>>> print(open('model.tsv').read())   # TSV, C-alpha atoms and all ligand atoms
chain	number	residue	atom	x	y	z
F	1	MET	CA	-22.08	15.12	5.44
F	2	LEU	CA	-25.51	14.02	6.67
F	3	ILE	CA	-25.83	10.75	8.53
F	4	THR	CA	-28.65	9.07	10.43
F	5	GLY	CA	-28.79	6.83	13.49
F	6	ASN	CA	-28.38	3.86	11.14
F	7	ALA	CA	-25.13	5.09	9.60
F	8	LYS	CA	-22.55	2.45	8.66
F	9	LEU	CA	-19.29	3.16	10.48
F	10	ALA	CA	-15.61	2.52	9.78
F	11	GLY	CA	-12.33	4.29	10.50
F	12	VAL	CA	-8.54	4.18	10.45
F	13	PHE	CA	-6.21	3.48	13.38
F	14	GLY	CA	-2.83	5.20	13.34
F	15	TRP	CA	-0.38	7.14	15.52
F	16	PRO	CA	-0.12	9.81	14.38
F	17	VAL	CA	-3.08	9.65	12.04
F	18	GLY	CA	-3.48	13.31	11.05
F	19	HIS	CA	-1.51	12.80	7.83
F	20	SER	CA	-3.70	9.91	6.68
F	21	LEU	CA	-5.56	10.50	3.43
F	22	SER	CA	-7.96	7.63	4.09
F	23	PRO	CA	-10.74	9.67	5.77
F	24	ARG	CA	-10.75	12.04	2.80
F	25	LEU	CA	-10.70	9.17	0.33
F	26	HIS	CA	-13.52	7.16	1.94
F	27	GLY	CA	-15.47	10.34	2.65
F	28	PHE	CA	-15.37	11.20	-1.05
F	29	TRP	CA	-16.77	7.79	-1.98
F	30	LEU	CA	-19.47	7.91	0.72
F	31	ASP	CA	-20.58	11.26	-0.64
F	32	ARG	CA	-20.36	10.19	-4.29
F	33	TYR	CA	-22.53	7.11	-3.74
F	34	GLY	CA	-24.91	8.82	-1.29
F	35	ILE	CA	-24.22	6.25	1.43
F	36	ASP	CA	-25.46	6.78	4.98
F	37	GLY	CA	-22.06	6.21	6.58
F	38	ALA	CA	-18.95	7.74	8.11
F	39	TYR	CA	-15.24	6.95	8.12
F	40	VAL	CA	-13.29	8.51	10.96
F	41	PRO	CA	-9.63	8.83	12.07
F	42	PHE	CA	-8.68	7.03	15.31
F	43	ALA	CA	-5.49	8.55	16.77
F	44	VAL	CA	-4.54	5.65	19.06
F	45	LYS	CA	-1.20	5.12	20.78
F	46	GLN	CA	0.51	1.74	20.71
F	47	ASP	CA	-0.30	0.97	24.35
F	48	ASP	CA	-4.00	1.62	23.77
F	49	PHE	CA	-4.33	-0.16	20.44
F	50	GLU	CA	-5.48	-3.56	21.69
F	51	MET	CA	-8.25	-2.13	23.84
F	52	ALA	CA	-9.35	0.30	21.13
F	53	LEU	CA	-9.42	-2.43	18.49
F	54	ARG	CA	-11.48	-4.76	20.68
F	55	THR	CA	-13.98	-1.96	21.18
F	56	LEU	CA	-14.81	-1.77	17.46
F	57	PRO	CA	-17.50	-4.49	17.46
F	58	LYS	CA	-19.00	-3.19	20.73
F	59	LEU	CA	-19.43	0.25	19.14
F	60	GLY	CA	-21.12	-1.21	16.09
F	61	PHE	CA	-18.30	-0.44	13.71
F	62	ARG	CA	-18.18	-2.52	10.54
F	63	GLY	CA	-14.40	-2.46	10.49
F	64	ALA	CA	-11.32	-0.32	10.09
F	65	ASN	CA	-8.09	0.28	8.31
F	66	VAL	CA	-4.86	0.04	10.24
F	67	THR	CA	-1.77	2.09	9.47
F	68	VAL	CA	1.64	2.81	11.01
F	69	PRO	CA	2.59	1.69	13.67
F	70	HIS	CA	-0.20	-0.84	14.26
F	71	LYS	CA	-0.17	-3.13	11.21
F	72	GLU	CA	1.92	-5.93	12.72
F	73	THR	CA	0.11	-5.79	16.08
F	74	ALA	CA	-3.22	-5.97	14.25
F	75	LEU	CA	-2.10	-9.24	12.66
F	76	ALA	CA	-1.57	-10.73	16.11
F	77	LEU	CA	-4.83	-9.38	17.55
F	78	CYS	CA	-7.32	-10.35	14.83
F	79	ASP	CA	-9.46	-13.45	15.43
F	80	GLN	CA	-9.00	-14.58	11.82
F	81	VAL	CA	-6.36	-13.52	9.31
F	82	ASP	CA	-6.21	-14.41	5.63
F	83	THR	CA	-3.16	-16.23	4.26
F	84	LEU	CA	-1.84	-13.26	2.28
F	85	ALA	CA	-1.80	-11.01	5.38
F	86	GLU	CA	-0.10	-13.85	7.25
F	87	ARG	CA	2.60	-14.06	4.56
F	88	ILE	CA	3.08	-10.29	4.48
F	89	GLY	CA	3.13	-10.19	8.28
F	90	ALA	CA	0.75	-7.25	8.56
F	91	VAL	CA	-2.97	-6.41	8.53
F	92	ASN	CA	-4.24	-3.15	7.03
F	93	THR	CA	-7.96	-3.90	6.69
F	94	ILE	CA	-10.28	-5.33	9.35
F	95	VAL	CA	-13.89	-6.41	8.92
F	96	VAL	CA	-16.13	-7.06	11.92
F	97	THR	CA	-18.04	-10.28	11.26
F	98	PRO	CA	-21.73	-10.66	12.14
F	99	GLU	CA	-20.55	-12.60	15.24
F	100	GLY	CA	-18.47	-9.60	16.35
F	101	ARG	CA	-15.12	-11.15	15.49
F	102	LEU	CA	-12.23	-9.30	13.83
F	103	ARG	CA	-11.25	-10.60	10.38
F	104	GLY	CA	-7.97	-9.16	9.12
F	105	SER	CA	-6.56	-8.93	5.61
F	106	ASN	CA	-3.87	-7.03	3.75
F	107	THR	CA	-4.93	-5.11	0.65
F	108	ASP	CA	-1.58	-3.43	-0.11
F	109	ALA	CA	-0.56	-6.14	-2.60
F	110	PHE	CA	-3.94	-5.80	-4.32
F	111	GLY	CA	-3.55	-2.00	-4.38
F	112	PHE	CA	-0.10	-2.23	-5.92
F	113	MET	CA	-1.18	-4.59	-8.72
F	114	GLU	CA	-4.44	-2.77	-9.44
F	115	ASN	CA	-2.55	0.51	-9.78
F	116	LEU	CA	-0.23	-1.07	-12.35
F	117	THR	CA	-3.17	-2.69	-14.15
F	118	GLN	CA	-5.05	0.61	-14.38
F	119	GLU	CA	-2.10	2.86	-15.23
F	120	ALA	CA	-0.06	0.47	-17.35
F	121	PRO	CA	-2.46	-2.14	-18.79
F	122	ALA	CA	0.14	-3.39	-21.29
F	123	TRP	CA	2.63	-4.40	-18.56
F	124	ARG	CA	2.88	-8.17	-18.05
F	125	ALA	CA	4.32	-9.79	-14.94
F	126	GLU	CA	5.63	-12.86	-16.80
F	127	THR	CA	7.74	-10.82	-19.26
F	128	GLY	CA	10.84	-10.48	-17.11
F	129	PRO	CA	12.49	-9.90	-13.74
F	130	ALA	CA	11.38	-7.17	-11.37
F	131	ALA	CA	13.87	-5.13	-9.32
F	132	VAL	CA	12.54	-4.02	-5.92
F	133	LEU	CA	14.41	-1.40	-3.87
F	134	GLY	CA	13.84	-1.70	-0.13
F	135	ALA	CA	12.84	-4.49	2.25
F	136	GLY	CA	10.52	-2.78	4.77
F	137	GLY	CA	6.80	-3.29	5.33
F	138	ALA	CA	5.76	-1.92	1.95
F	139	ALA	CA	8.27	-4.14	0.17
F	140	ARG	CA	6.80	-7.27	1.79
F	141	ALA	CA	3.39	-6.60	0.25
F	142	ILE	CA	4.84	-5.67	-3.13
F	143	VAL	CA	7.17	-8.66	-3.37
F	144	ALA	CA	4.25	-10.96	-2.43
F	145	ALA	CA	2.13	-9.31	-5.13
F	146	LEU	CA	4.83	-9.73	-7.77
F	147	VAL	CA	5.54	-13.38	-6.88
F	148	ASP	CA	1.80	-14.17	-6.94
F	149	ALA	CA	1.39	-12.35	-10.27
F	150	GLY	CA	3.97	-14.68	-11.84
F	151	VAL	CA	7.08	-12.50	-12.11
F	152	PRO	CA	9.87	-14.98	-13.03
F	153	GLU	CA	12.41	-13.39	-10.68
F	154	VAL	CA	12.30	-10.66	-8.04
F	155	ARG	CA	15.66	-9.01	-7.42
F	156	LEU	CA	15.41	-7.63	-3.92
F	157	ILE	CA	17.92	-4.84	-3.34
F	158	ASN	CA	18.27	-3.38	0.13
F	159	ARG	CA	20.81	-1.30	2.02
F	160	THR	CA	20.65	-3.76	4.94
F	161	LEU	CA	21.20	-7.10	3.24
F	162	LYS	CA	20.03	-9.17	6.21
F	163	ARG	CA	16.60	-7.58	6.10
F	164	ALA	CA	16.21	-8.56	2.44
F	165	GLU	CA	17.36	-12.11	3.22
F	166	THR	CA	14.78	-12.42	6.00
F	167	LEU	CA	12.03	-11.12	3.73
F	168	ALA	CA	13.00	-13.59	0.99
F	169	ASP	CA	13.13	-16.50	3.46
F	170	ASN	CA	9.74	-15.63	4.94
F	171	LEU	CA	7.93	-15.13	1.65
F	172	GLY	CA	9.55	-17.84	-0.45
F	173	GLY	CA	9.35	-17.85	-4.25
F	174	PRO	CA	11.82	-16.76	-6.94
F	175	ILE	CA	13.51	-13.97	-4.96
F	176	THR	CA	17.19	-13.10	-5.42
F	177	VAL	CA	18.73	-10.92	-2.73
F	178	VAL	CA	21.15	-8.28	-4.06
F	179	PRO	CA	23.49	-6.02	-2.04
F	180	TRP	CA	22.89	-2.28	-2.48
F	181	ALA	CA	26.38	-1.88	-3.99
F	182	GLU	CA	25.29	-4.06	-6.93
F	183	LEU	CA	22.13	-2.09	-7.67
F	184	THR	CA	23.25	-0.72	-11.04
F	185	GLU	CA	24.04	-4.15	-12.49
F	186	ALA	CA	20.91	-5.69	-10.95
F	187	LEU	CA	18.75	-3.55	-13.23
F	188	GLY	CA	20.10	-5.28	-16.36
F	189	GLY	CA	17.31	-7.10	-18.22
F	190	ALA	CA	14.64	-6.10	-15.69
F	191	ASN	CA	11.08	-5.45	-16.82
F	192	LEU	CA	10.04	-3.43	-13.76
F	193	LEU	CA	11.75	-1.25	-11.16
F	194	VAL	CA	9.89	-0.43	-7.94
F	195	ASN	CA	11.09	1.95	-5.23
F	196	THR	CA	9.64	0.95	-1.85
F	197	THR	CA	12.23	2.84	0.21
F	198	THR	CA	11.48	6.12	1.92
F	199	GLN	CA	14.18	7.86	-0.15
F	200	GLY	CA	12.65	10.58	-2.30
F	201	MET	CA	10.17	11.89	0.24
F	202	PRO	CA	10.55	15.50	1.37
F	203	GLY	CA	13.41	15.80	3.84
F	204	THR	CA	15.26	12.74	2.51
F	205	PRO	CA	18.06	12.81	-0.03
F	206	PRO	CA	16.93	11.74	-3.51
F	207	LEU	CA	17.42	8.10	-4.37
F	208	ASP	CA	20.67	7.80	-6.25
F	209	VAL	CA	19.95	5.13	-8.84
F	210	ASN	CA	21.79	4.74	-12.12
F	211	LEU	CA	19.23	3.57	-14.66
F	212	GLN	CA	21.75	2.93	-17.44
F	213	ALA	CA	21.38	-0.86	-17.44
F	214	LEU	CA	17.57	-0.83	-17.29
F	215	PRO	CA	16.00	-1.79	-20.66
F	216	GLU	CA	14.10	1.14	-22.16
F	217	GLN	CA	10.70	-0.58	-22.14
F	218	ALA	CA	10.98	-1.40	-18.42
F	219	MET	CA	8.28	0.12	-16.23
F	220	VAL	CA	9.42	2.30	-13.30
F	221	THR	CA	7.15	2.87	-10.32
F	222	ASP	CA	7.53	4.50	-6.92
F	223	ILE	CA	5.26	3.99	-3.94
F	224	ILE	CA	6.00	7.52	-2.71
F	225	TYR	CA	3.26	10.00	-3.61
F	226	THR	CA	4.64	13.10	-1.90
F	227	PRO	CA	5.96	14.39	-4.23
F	228	LEU	CA	3.80	12.83	-6.93
F	229	GLN	CA	6.70	12.87	-9.38
F	230	THR	CA	9.77	11.71	-7.47
F	231	ASP	CA	13.26	12.32	-8.87
F	232	LEU	CA	13.39	8.62	-9.73
F	233	LEU	CA	10.22	8.88	-11.83
F	234	LYS	CA	11.43	12.08	-13.50
F	235	ASP	CA	14.76	10.53	-14.37
F	236	ALA	CA	13.04	7.40	-15.70
F	237	ALA	CA	10.58	9.40	-17.81
F	238	ASN	CA	13.45	11.47	-19.25
F	239	ARG	CA	15.08	8.23	-20.32
F	240	GLY	CA	11.91	7.10	-22.08
F	241	HIS	CA	10.64	4.59	-19.50
F	242	PRO	CA	6.91	4.29	-18.86
F	243	THR	CA	6.28	5.38	-15.25
F	244	VAL	CA	3.53	4.92	-12.67
F	245	GLY	CA	3.22	7.08	-9.54
F	246	GLY	CA	2.42	5.89	-6.04
F	247	LEU	CA	-0.91	7.58	-5.35
F	248	GLY	CA	-2.90	4.88	-7.16
F	249	MET	CA	-1.67	2.17	-4.79
F	250	LEU	CA	-3.15	4.09	-1.86
F	251	LEU	CA	-6.44	4.60	-3.70
F	252	HIS	CA	-6.80	0.99	-4.86
F	253	GLN	CA	-5.83	-0.60	-1.52
F	254	ALA	CA	-8.85	1.16	-0.03
F	255	ARG	CA	-11.37	-0.53	-2.36
F	256	PRO	CA	-11.82	-3.92	-0.62
F	257	GLY	CA	-12.45	-2.29	2.76
F	258	PHE	CA	-14.94	0.19	1.39
F	259	SER	CA	-16.94	-2.45	-0.46
F	260	GLN	CA	-17.13	-4.74	2.59
F	261	TRP	CA	-18.08	-2.01	5.08
F	262	PHE	CA	-20.36	0.09	2.95
F	263	GLY	CA	-21.71	-2.43	0.41
F	264	ARG	CA	-20.65	-0.77	-2.82
F	265	GLU	CA	-17.66	-1.31	-5.18
F	266	PRO	CA	-15.99	2.11	-5.38
F	267	GLU	CA	-14.26	3.46	-8.47
F	268	VAL	CA	-10.79	4.98	-8.73
F	269	ASP	CA	-10.91	7.73	-11.35
F	270	ALA	CA	-9.52	11.17	-12.19
F	271	GLU	CA	-12.05	12.99	-10.01
F	272	LEU	CA	-11.07	10.95	-6.94
F	273	ARG	CA	-7.37	11.48	-7.67
F	274	SER	CA	-7.68	15.24	-7.87
F	275	PHE	CA	-9.85	15.37	-4.74
F	276	VAL	CA	-7.34	13.35	-2.72
F	277	LEU	CA	-4.46	15.37	-4.16
F	278	SER	CA	-6.04	18.64	-3.14
F	279	GLY	CA	-5.92	17.24	0.42
F	280	LEU	CA	-2.18	16.79	0.05
F	281	SER	CA	-1.54	20.32	-1.04
F	282	GLY	CA	-3.29	21.70	1.92
F	301	LIG	P1	8.04	0.83	5.17
F	301	LIG	O1	7.44	-0.06	6.20
F	301	LIG	O2	7.20	2.02	4.80
F	301	LIG	O3	8.53	0.10	3.97
F	301	LIG	P2	10.52	0.88	6.62
F	301	LIG	O4	10.18	-0.44	7.20
F	301	LIG	O5	11.07	1.93	7.51
F	301	LIG	O6	9.29	1.52	5.89
F	301	LIG	O7	11.53	0.63	5.41
F	301	LIG	C1	12.18	1.66	4.79
F	301	LIG	C2	13.03	1.11	3.66
F	301	LIG	O8	13.77	2.21	3.10
F	301	LIG	C3	14.05	0.07	4.10
F	301	LIG	O9	14.24	-0.87	3.07
F	301	LIG	C4	15.30	0.93	4.29
F	301	LIG	O10	16.51	0.23	4.17
F	301	LIG	P3	17.17	-0.50	5.46
F	301	LIG	O11	16.45	-1.81	5.59
F	301	LIG	O12	18.59	-0.67	5.08
F	301	LIG	O13	16.96	0.42	6.62
F	301	LIG	C5	15.15	1.89	3.14
F	301	LIG	N1	15.98	3.09	3.30
F	301	LIG	C6	15.79	4.07	4.22
F	301	LIG	N2	16.74	5.01	4.06
F	301	LIG	C7	17.57	4.60	3.04
F	301	LIG	C8	18.72	5.14	2.39
F	301	LIG	N3	19.27	6.32	2.77
F	301	LIG	N4	19.26	4.45	1.36
F	301	LIG	C9	18.72	3.27	0.98
F	301	LIG	N5	17.63	2.72	1.54
F	301	LIG	C10	17.05	3.37	2.55
>>> encode(input="model.tsv", output="structure tokens", more="lines below")
Ligand code: ATR
Amino acid sequence: MLITGNAKLAGVFGWPVGHSLSPRLHGFWLDRYGIDGAYVPFAVKQDDFEMALRTLPKLGFRGANVTVPHKETALALCDQVDTLAERIGAVNTIVVTPEGRLRGSNTDAFGFMENLTQEAPAWRAETGPAAVLGAGGAARAIVAALVDAGVPEVRLINRTLKRAETLADNLGGPITVVPWAELTEALGGANLLVNTTTQGMPGTPPLDVNLQALPEQAMVTDIIYTPLQTDLLKDAANRGHPTVGGLGMLLHQARPGFSQWFGREPEVDAELRSFVLSGLSG
């Protein structure tokens, strides 16, 4: 990577941040488009986050991504926040304005929908209910995306019912909260099943979901991308469901930040996917 004294700068805040694929992803695009710029990891502890974030404009950075555990704090610290980030309750992308102010947004909902659009162009939000497993941070962005896309009903299924109720109350829209024990029946007539829980990642037991009631044409997607093919996706594919993996959401959520910091609309394609994947395998 060759940069000059005029290089455009951005980065990602996280703690830990070593596992983040974002530097690899943005670095690939910078190289592909021959941009004089750099995207660096910021390993910043919670106690230091406010000071570090406020330093961004002083250092001439154009902005940053924010990942775990800073997304909610970033929402509170930004000078301006767009309405979608406000609804989701978290900021993952920050742009430094020409006046040196921090403008926060959340691109996870965009990433989720763009991944579906690219991988499953025939899928239509209006066709039927969507079943969402989980009610954590990722679920908030995905439920917002589905409601905004015009899904007639979101069935929100979570182990801790209260958390799902709070999410539904905060977001508003056609959301039905379903206890985990009623998961199997809740899949009846659904047009989409999304796993937003952490179940299925290495070191966690596989997600035990009975897909019997799910109509065969229903799309099944998982936001987990390690492994790329979760047991849920394998099971769904064996039953004849179209499936979409989680890596694309990560790749697409990065697009709005890249274009604002570096001035070029980046593309998500097979070459990018395999480059980012090779970072996962070691
Ligand atoms: P994120 O912000 O990435 O979504 P999170 O906030 O920790 O992560 O949320 C994790 C989600 O996985 C939650 O919906 C959690 O359910 P609870 O709200 O009941 O904790 C869900 N989850 C974690 N382990 C689970 C398990 N063994 N079975 C079912 N759901 C599980």
>>> residues_near_ligand(input="model.tsv", ligand="ligand LIG 301 (chain F)", cutoff="8 Å", atoms="all atoms listed in the file", output="list of chain:residue names")
F:Leu133, F:Gly134, F:Ala135, F:Gly136, F:Gly137, F:Ala138, F:Ala139, F:Arg140, F:Asn158, F:Arg159, F:Thr160, F:Leu161, F:Arg163, F:Ala164, F:Trp180, F:Thr196, F:Thr197, F:Thr198, F:Gln199, F:Thr204, F:Pro205, F:Leu207
>>> write_last_selection(input="model.tsv", atoms="C-alpha atoms", output="CSV table (one decimal), in the frame of the given file")
chain,number,residue,atom,x,y,z
F,133,LEU,CA,14.4,-1.4,-3.9
F,134,GLY,CA,13.8,-1.7,-0.1
F,135,ALA,CA,12.8,-4.5,2.2
F,136,GLY,CA,10.5,-2.8,4.8
F,137,GLY,CA,6.8,-3.3,5.3
F,138,ALA,CA,5.8,-1.9,2.0
F,139,ALA,CA,8.3,-4.1,0.2
F,140,ARG,CA,6.8,-7.3,1.8
F,158,ASN,CA,18.3,-3.4,0.1
F,159,ARG,CA,20.8,-1.3,2.0
F,160,THR,CA,20.6,-3.8,4.9
F,161,LEU,CA,21.2,-7.1,3.2
F,163,ARG,CA,16.6,-7.6,6.1
F,164,ALA,CA,16.2,-8.6,2.4
F,180,TRP,CA,22.9,-2.3,-2.5
F,196,THR,CA,9.6,1.0,-1.8
F,197,THR,CA,12.2,2.8,0.2
F,198,THR,CA,11.5,6.1,1.9
F,199,GLN,CA,14.2,7.9,-0.2
F,204,THR,CA,15.3,12.7,2.5
F,205,PRO,CA,18.1,12.8,0.0
F,207,LEU,CA,17.4,8.1,-4.4
>>> residues_around(input="model.tsv", residues="Pro174 of chain F", least_positions_apart="3", cutoff="7 Å", atoms="only C-alpha atoms", output="compact mmCIF listing (two decimals) with C-alpha atoms, in the frame of the given file")
# COMPACT_ATOMS: atom_id res chain seq x y z
CA PRO F 152 9.87 -14.98 -13.03
CA GLU F 153 12.41 -13.39 -10.68
CA VAL F 154 12.30 -10.66 -8.04
>>> residues_around(input="model.tsv", residues="Gln260 of chain F", least_positions_apart="2", cutoff="10 Å", atoms="all atoms listed in the file", output="ChimeraX atom specification")
/F:62-63,94-96,255-258,262-265
>>> write_last_selection(input="model.tsv", atoms="C-alpha atoms", output="mmCIF file, keeping the file's coordinate frame")
data_model
loop_
_atom_site.group_PDB
_atom_site.id
_atom_site.type_symbol
_atom_site.label_atom_id
_atom_site.label_comp_id
_atom_site.auth_asym_id
_atom_site.auth_seq_id
_atom_site.Cartn_x
_atom_site.Cartn_y
_atom_site.Cartn_z
ATOM 1 C CA ARG F 62 -18.180 -2.520 10.540
ATOM 2 C CA GLY F 63 -14.400 -2.460 10.490
ATOM 3 C CA ILE F 94 -10.280 -5.330 9.350
ATOM 4 C CA VAL F 95 -13.890 -6.410 8.920
ATOM 5 C CA VAL F 96 -16.130 -7.060 11.920
ATOM 6 C CA ARG F 255 -11.370 -0.530 -2.360
ATOM 7 C CA PRO F 256 -11.820 -3.920 -0.620
ATOM 8 C CA GLY F 257 -12.450 -2.290 2.760
ATOM 9 C CA PHE F 258 -14.940 0.190 1.390
ATOM 10 C CA PHE F 262 -20.360 0.090 2.950
ATOM 11 C CA GLY F 263 -21.710 -2.430 0.410
ATOM 12 C CA ARG F 264 -20.650 -0.770 -2.820
ATOM 13 C CA GLU F 265 -17.660 -1.310 -5.180
#
>>> closest_residue(input="model.tsv", among="F:Thr127, F:Asp31, F:Gly173, F:Ala64", to="Val147 of chain F", atoms="all atoms listed in the file")
F:Gly173
>>> closest_residue(input="model.tsv", among="F:Gly14, F:Ala90, F:Ala76, F:Val81", to="Asp48 of chain F", atoms="only C-alpha atoms")
F:Gly14
>>> residues_around(input="model.tsv", residues="Val44 of chain F", least_positions_apart="6", cutoff="8 Å", atoms="all atoms listed in the file", output="ChimeraX atom specification")
/F:13-16,52
>>> closest_residue(input="model.tsv", among="F:Gly245, F:Leu116, F:His26, F:Lys162", to="Pro179 of chain F", atoms="only C-alpha atoms")
F:Lys162
>>> closest_residue(input="model.tsv", among="F:Arg87, F:Trp123, F:Asp235, F:Val177", to="Asp148 of chain F", atoms="all atoms listed in the file")
F:Arg87
>>> atom_distance(input="model.tsv", atom1="atom CA of Asp36 of chain F", atom2="atom CA of Ala7 of chain F")
4.9 Å
>>> atom_distance(input="model.tsv", atom1="atom CA of Leu77 of chain F", atom2="atom CA of Ile223 of chain F")
27.2 Å
>>> residues_around(input="model.tsv", residues="Ala109 of chain F", least_positions_apart="6", cutoff="7 Å", atoms="only C-alpha atoms", output="number ranges by chain")
F: 141-142, 144-145
>>> atom_distance(input="model.tsv", atom1="atom CA of Glu182 of chain F", atom2="atom CA of Val209 of chain F")
10.8 Å
>>> closest_residue(input="model.tsv", among="F:Asn191, F:Asn115, F:Asn210, F:Thr184", to="Gly248 of chain F", atoms="only C-alpha atoms")
F:Asn115
>>> closest_residue(input="model.tsv", among="F:Leu156, F:Leu211, F:Leu2, F:Gln253", to="Ala237 of chain F", atoms="all atoms listed in the file")
F:Leu211
>>> build_atoms(input="model.tsv", residues="segment 94-113 of chain F", atoms="N, CA and C atoms", output="PDB file, in the coordinates of the input")
ATOM      1  N   ILE F  94      -9.578  -4.446   8.416  1.00  0.00           N
ATOM      2  CA  ILE F  94     -10.280  -5.330   9.350  1.00  0.00           C
ATOM      3  C   ILE F  94     -11.785  -5.212   9.105  1.00  0.00           C
ATOM      4  N   VAL F  95     -12.430  -6.374   9.043  1.00  0.00           N
ATOM      5  CA  VAL F  95     -13.890  -6.410   8.920  1.00  0.00           C
ATOM      6  C   VAL F  95     -14.435  -7.072  10.172  1.00  0.00           C
ATOM      7  N   VAL F  96     -15.447  -6.457  10.774  1.00  0.00           N
ATOM      8  CA  VAL F  96     -16.130  -7.060  11.920  1.00  0.00           C
ATOM      9  C   VAL F  96     -17.175  -8.026  11.377  1.00  0.00           C
ATOM     10  N   THR F  97     -17.081  -9.289  11.765  1.00  0.00           N
ATOM     11  CA  THR F  97     -18.040 -10.280  11.260  1.00  0.00           C
ATOM     12  C   THR F  97     -19.372 -10.136  11.995  1.00  0.00           C
ATOM     13  N   PRO F  98     -20.420 -10.751  11.462  1.00  0.00           N
ATOM     14  CA  PRO F  98     -21.730 -10.660  12.140  1.00  0.00           C
ATOM     15  C   PRO F  98     -21.660 -11.175  13.589  1.00  0.00           C
ATOM     16  N   GLU F  99     -20.703 -12.069  13.869  1.00  0.00           N
ATOM     17  CA  GLU F  99     -20.550 -12.600  15.240  1.00  0.00           C
ATOM     18  C   GLU F  99     -19.720 -11.669  16.117  1.00  0.00           C
ATOM     19  N   GLY F 100     -19.260 -10.548  15.555  1.00  0.00           N
ATOM     20  CA  GLY F 100     -18.470  -9.600  16.350  1.00  0.00           C
ATOM     21  C   GLY F 100     -17.003  -9.951  16.423  1.00  0.00           C
ATOM     22  N   ARG F 101     -16.542 -10.800  15.497  1.00  0.00           N
ATOM     23  CA  ARG F 101     -15.120 -11.150  15.490  1.00  0.00           C
ATOM     24  C   ARG F 101     -14.373 -10.264  14.497  1.00  0.00           C
ATOM     25  N   LEU F 102     -13.056 -10.172  14.688  1.00  0.00           N
ATOM     26  CA  LEU F 102     -12.230  -9.300  13.830  1.00  0.00           C
ATOM     27  C   LEU F 102     -11.540 -10.148  12.770  1.00  0.00           C
ATOM     28  N   ARG F 103     -11.862  -9.863  11.495  1.00  0.00           N
ATOM     29  CA  ARG F 103     -11.250 -10.600  10.380  1.00  0.00           C
ATOM     30  C   ARG F 103     -10.275  -9.671   9.665  1.00  0.00           C
ATOM     31  N   GLY F 104      -8.989 -10.042   9.678  1.00  0.00           N
ATOM     32  CA  GLY F 104      -7.970  -9.160   9.120  1.00  0.00           C
ATOM     33  C   GLY F 104      -7.468  -9.599   7.764  1.00  0.00           C
ATOM     34  N   SER F 105      -7.159  -8.620   6.911  1.00  0.00           N
ATOM     35  CA  SER F 105      -6.560  -8.930   5.610  1.00  0.00           C
ATOM     36  C   SER F 105      -5.539  -7.838   5.283  1.00  0.00           C
ATOM     37  N   ASN F 106      -4.817  -8.052   4.203  1.00  0.00           N
ATOM     38  CA  ASN F 106      -3.870  -7.030   3.750  1.00  0.00           C
ATOM     39  C   ASN F 106      -4.170  -6.725   2.295  1.00  0.00           C
ATOM     40  N   THR F 107      -4.528  -5.484   2.008  1.00  0.00           N
ATOM     41  CA  THR F 107      -4.930  -5.110   0.650  1.00  0.00           C
ATOM     42  C   THR F 107      -3.847  -4.308  -0.071  1.00  0.00           C
ATOM     43  N   ASP F 108      -2.649  -4.211   0.529  1.00  0.00           N
ATOM     44  CA  ASP F 108      -1.580  -3.430  -0.110  1.00  0.00           C
ATOM     45  C   ASP F 108      -1.093  -4.094  -1.408  1.00  0.00           C
ATOM     46  N   ALA F 109      -1.009  -5.431  -1.398  1.00  0.00           N
ATOM     47  CA  ALA F 109      -0.560  -6.140  -2.600  1.00  0.00           C
ATOM     48  C   ALA F 109      -1.582  -5.929  -3.727  1.00  0.00           C
ATOM     49  N   PHE F 110      -2.857  -6.053  -3.380  1.00  0.00           N
ATOM     50  CA  PHE F 110      -3.940  -5.800  -4.320  1.00  0.00           C
ATOM     51  C   PHE F 110      -3.847  -4.370  -4.861  1.00  0.00           C
ATOM     52  N   GLY F 111      -3.638  -3.407  -3.970  1.00  0.00           N
ATOM     53  CA  GLY F 111      -3.550  -2.000  -4.380  1.00  0.00           C
ATOM     54  C   GLY F 111      -2.402  -1.761  -5.344  1.00  0.00           C
ATOM     55  N   PHE F 112      -1.271  -2.393  -5.050  1.00  0.00           N
ATOM     56  CA  PHE F 112      -0.100  -2.230  -5.920  1.00  0.00           C
ATOM     57  C   PHE F 112      -0.393  -2.760  -7.318  1.00  0.00           C
ATOM     58  N   MET F 113      -0.936  -3.989  -7.405  1.00  0.00           N
ATOM     59  CA  MET F 113      -1.180  -4.590  -8.720  1.00  0.00           C
ATOM     60  C   MET F 113      -2.287  -3.867  -9.476  1.00  0.00           C
TER      61      MET F 113
END
